[in-house]
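Down below is the structure, laid out as C-alpha cells.
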Amino acid sequence: MFGFSVSHTTRAPRGMEKDGVHYHFTKKNVLIWGALFFACCVHGNVLIGERASHKELARTAQIRLVSSHQEVYEPCDDSFALVDALLADRSNLLEHHPSLCMEIGCGSGYVITSLALILGQEGRGVNYIATDINPHAVEVTRETMEAHGVGAELVITDIAAGLEERLAGLVDIMVVNPPYVPTPEDEVGVEGITSSWAGGENGRSVIDRILPVADRLLSEKGWLYMVTLTANNPSEICHQMRKKGYASRIVVQRSTEEESLHIIKFWRDFDTKGDEPDQSASGFIGSLLTQIPLLSFWRGTNSDNKC
Ligand SMILES: C[S@@+](CC[C@H](N)C(=O)[O-])C[C@H]1O[C@@H](n2cnc3c(N)ncnc32)[C@H](O)[C@@H]1O
C-alpha cells in the first residue's frame with residue numbers, strides 16, 4: 001500500500017493547485033513577517049552560518065502586516081530569502097553608501113521596507129523607488145512603508161516603463177523577486193495575483209525583460225539582488241549578465257520542499273566584459289547547487305560562490 005502526506009506552505013495557491021490536494025495552504029495569521037519567522041517556524045530549523053546582529057534581525061523581522069489585499073503577494077519563502085541575502089550583505093551595503101535604491105515588483109512592500117530598515121540611520125538621505133504592475137500592490141506597499149516610518153516613490157508600471165530615461169545609470173541597489181514560476185505563456189502579465197508568480201516558459205519571461213532594464217538603470221557601482229529558481233537556469237542568467245560585464249555571486253541558496261531558490265548578487269566587473277563564460281566552472285557550480293542541503297546560508301565577499 002502506498003501513502004503520501006500533503007505538505008504545508010504559507011504561499012498562495014498557484015494555477016490549478018487545490019488546498020489539501022497539492023499543499024495545505026496555511027494562512028499566516030501573525031502580525032510579524034520576517035526571515036527569523038521563516039527560519040524558525042516554517043522549517044523548524046536554524047539558519048547555518050554567520051548572521052546579522054540580533055538587533056538588526058529583530059528590527060527587520062518585525063515588519064508588521066498592516067495592510068493586505070487578496071490580489072497582492074504576501075511575503076513568502078522567496079521574499080524572506082531575499083531579505084536574508086540583504087542582511088547577510090549588510091556591512092557591504094552600508095559601506096556602499098547607496099544614493100538610490102529600487103525594487104521592481106514590490107508586492108506588499110516587505111522587501112523595500114526591510115532594505116530601508118537595514119540601511120537605517122546610516123542610510124539617511126537614501127532615496128527609494130519601487131514599482132509594481134499591480135495597483136493594489138503599490139497601495140499595500142505605501143501603507144507598509146508608512147507604518148514603518150520609511151518612504152519611497154511608488155510607481156504603477158510595467159518593470160520600469162516611463163522611468164528609464166530619468167533613472168538611467170543612477171540606481172545603486174536594485175532588488176527583484178520576480179514572477180519566476182514556469183507557467184503557460186498566456187498566464188504572464190494577466191491581472192491580479194497570478195502575475196505575481198507566472199513566469200512563462202522556464203519562468204524566464206519577465207526575468208529576461210528585467211535584466212536589460214537593470215543594466216540600463218544600474219549605476220557604475222550598482223548592485224542587483226535577484227531571486228531565481230533552479231528551473232530558471234541561474235547559471236545561464238549569470239552568463240547573460242557576464243556578457244554585459246557583470247560578475248555574480250550566490251548570496252543565499254535555500255531549498256524548500258517545493259523549490260530551490262538562489263539569491264544572486266550582480267555587480268559591474270570591468271574586467272569581465274566580453275569574456276567567454278567559463279562553461280566548466282558554471283556547470284560545476286550548477287551541479288553543486290543542486291546538492292546543497294536545506295537552508296544553506298553564506299556570507300562574505302570571497303569568490304567561493306561565484307556563479
Ligand atoms: C513574487 S512577487 C514579489 C513581491 C515582493 N517583492 C516580495 O518579495 O514579497 C512578484 C511581484 O512582481 C509584480 N510584477 C509582476 N510582473 C511585473 C511587471 N511586469 N512589472 C512590475 N511588477 C511586476 C507582481 O505584481 C508581484 O507583486
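Simple scheme: letters A, B, ... for chains in C-alpha cells order, numbers from 1 for residues in each chain, numbers from 1 for ligands in the order shown.
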For this session: Counting only C-alpha atoms and all ligand atoms, name the residues that have an atom within 9 Å of an atom of ligand 1; the answer should be given as an NGL selection string.
Result: :A and (71-83 or 103-112 or 131-138 or 156-161 or 175-181 or 188-199 or 206 or 209-210 or 227)
Problem set entry | Pro182 in chain A environment, 10 Å, only C-alpha atoms, sequence neighbours closer than 4 positions dropped, as a PyMOL selection string | chain A and resi 187-188+197-205+229+231-232
Give me a file of those residues, with N, CA and C atoms, as a PDB file, in the first residue's frame.
```
ATOM      1  N   GLU A 187      -0.317  33.059 -19.161  1.00  0.00           N
ATOM      2  CA  GLU A 187      -0.613  33.478 -17.780  1.00  0.00           C
ATOM      3  C   GLU A 187       0.252  34.665 -17.349  1.00  0.00           C
ATOM      4  N   VAL A 188       1.278  34.964 -18.140  1.00  0.00           N
ATOM      5  CA  VAL A 188       2.208  36.042 -17.765  1.00  0.00           C
ATOM      6  C   VAL A 188       1.527  37.393 -17.937  1.00  0.00           C
ATOM      7  N   TRP A 197       3.423  35.343  -9.768  1.00  0.00           N
ATOM      8  CA  TRP A 197       4.330  34.203  -9.918  1.00  0.00           C
ATOM      9  C   TRP A 197       4.488  33.728 -11.360  1.00  0.00           C
ATOM     10  N   ALA A 198       3.511  34.031 -12.230  1.00  0.00           N
ATOM     11  CA  ALA A 198       3.533  33.431 -13.574  1.00  0.00           C
ATOM     12  C   ALA A 198       4.725  33.936 -14.380  1.00  0.00           C
ATOM     13  N   GLY A 199       5.658  33.035 -14.666  1.00  0.00           N
ATOM     14  CA  GLY A 199       6.902  33.418 -15.319  1.00  0.00           C
ATOM     15  C   GLY A 199       7.059  32.912 -16.737  1.00  0.00           C
ATOM     16  N   GLY A 200       6.013  32.244 -17.270  1.00  0.00           N
ATOM     17  CA  GLY A 200       6.121  31.760 -18.647  1.00  0.00           C
ATOM     18  C   GLY A 200       7.125  30.623 -18.781  1.00  0.00           C
ATOM     19  N   GLU A 201       7.617  30.450 -20.000  1.00  0.00           N
ATOM     20  CA  GLU A 201       8.492  29.307 -20.279  1.00  0.00           C
ATOM     21  C   GLU A 201       9.759  29.369 -19.410  1.00  0.00           C
ATOM     22  N   ASN A 202      10.038  28.291 -18.724  1.00  0.00           N
ATOM     23  CA  ASN A 202      11.171  28.210 -17.775  1.00  0.00           C
ATOM     24  C   ASN A 202      11.132  29.315 -16.718  1.00  0.00           C
ATOM     25  N   GLY A 203       9.993  29.962 -16.584  1.00  0.00           N
ATOM     26  CA  GLY A 203       9.878  31.046 -15.601  1.00  0.00           C
ATOM     27  C   GLY A 203      10.722  32.253 -15.967  1.00  0.00           C
ATOM     28  N   ARG A 204      11.095  32.377 -17.235  1.00  0.00           N
ATOM     29  CA  ARG A 204      12.071  33.405 -17.615  1.00  0.00           C
ATOM     30  C   ARG A 204      11.481  34.619 -18.344  1.00  0.00           C
ATOM     31  N   SER A 205      10.175  34.585 -18.646  1.00  0.00           N
ATOM     32  CA  SER A 205       9.638  35.661 -19.498  1.00  0.00           C
ATOM     33  C   SER A 205       9.844  37.047 -18.899  1.00  0.00           C
ATOM     34  N   LEU A 229      14.985  30.642  -9.442  1.00  0.00           N
ATOM     35  CA  LEU A 229      14.657  29.254  -9.128  1.00  0.00           C
ATOM     36  C   LEU A 229      15.564  28.372  -9.987  1.00  0.00           C
ATOM     37  N   ALA A 231      14.787  26.090 -11.894  1.00  0.00           N
ATOM     38  CA  ALA A 231      14.156  25.934 -13.218  1.00  0.00           C
ATOM     39  C   ALA A 231      14.429  27.121 -14.141  1.00  0.00           C
ATOM     40  N   ASN A 232      14.824  28.260 -13.560  1.00  0.00           N
ATOM     41  CA  ASN A 232      15.126  29.446 -14.389  1.00  0.00           C
ATOM     42  C   ASN A 232      16.519  29.371 -15.018  1.00  0.00           C
TER      43      ASN A 232
END
```
Exercise. Running DSSP on the backbone, which parts of range 102-137 of chain A land in alpha helix (DSSP H), as a count of residues only?
Worked result: 13
Problem set entry | Long-range neighbours of Met241 in chain A as number ranges by chain, 10 Å cut-off, only C-alpha atoms, 6 positions minimum in chain | A: 211-212, 215, 235, 247-248, 266-268, 273
Exercise. Pick from A:Gly222, A:Pro234, A:Gly245, A:Gly149: nearest to Gln121 in chain A, with only C-alpha atoms counted?
Worked result: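 Going through A:Gly222, A:Pro234, A:Gly245, A:Gly149 one by one, the smallest distance to Gln121 in chain A is for A:Gly149.
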For this session: Could you please write out, as a PyMOL selection string, every residue of range 44-247 of chain A that DSSP assigns to strand (DSSP E)?
Result: chain A and resi 63-64+100-104+127-132+153-156+171-176+218-229+246-247
Exercise. Which residue, A:Ala85, A:Val155, A:Leu65, A:Leu100, has the smallest gap to Met226 in chain A when you use only C-alpha atoms?
Worked result: A:Ala85
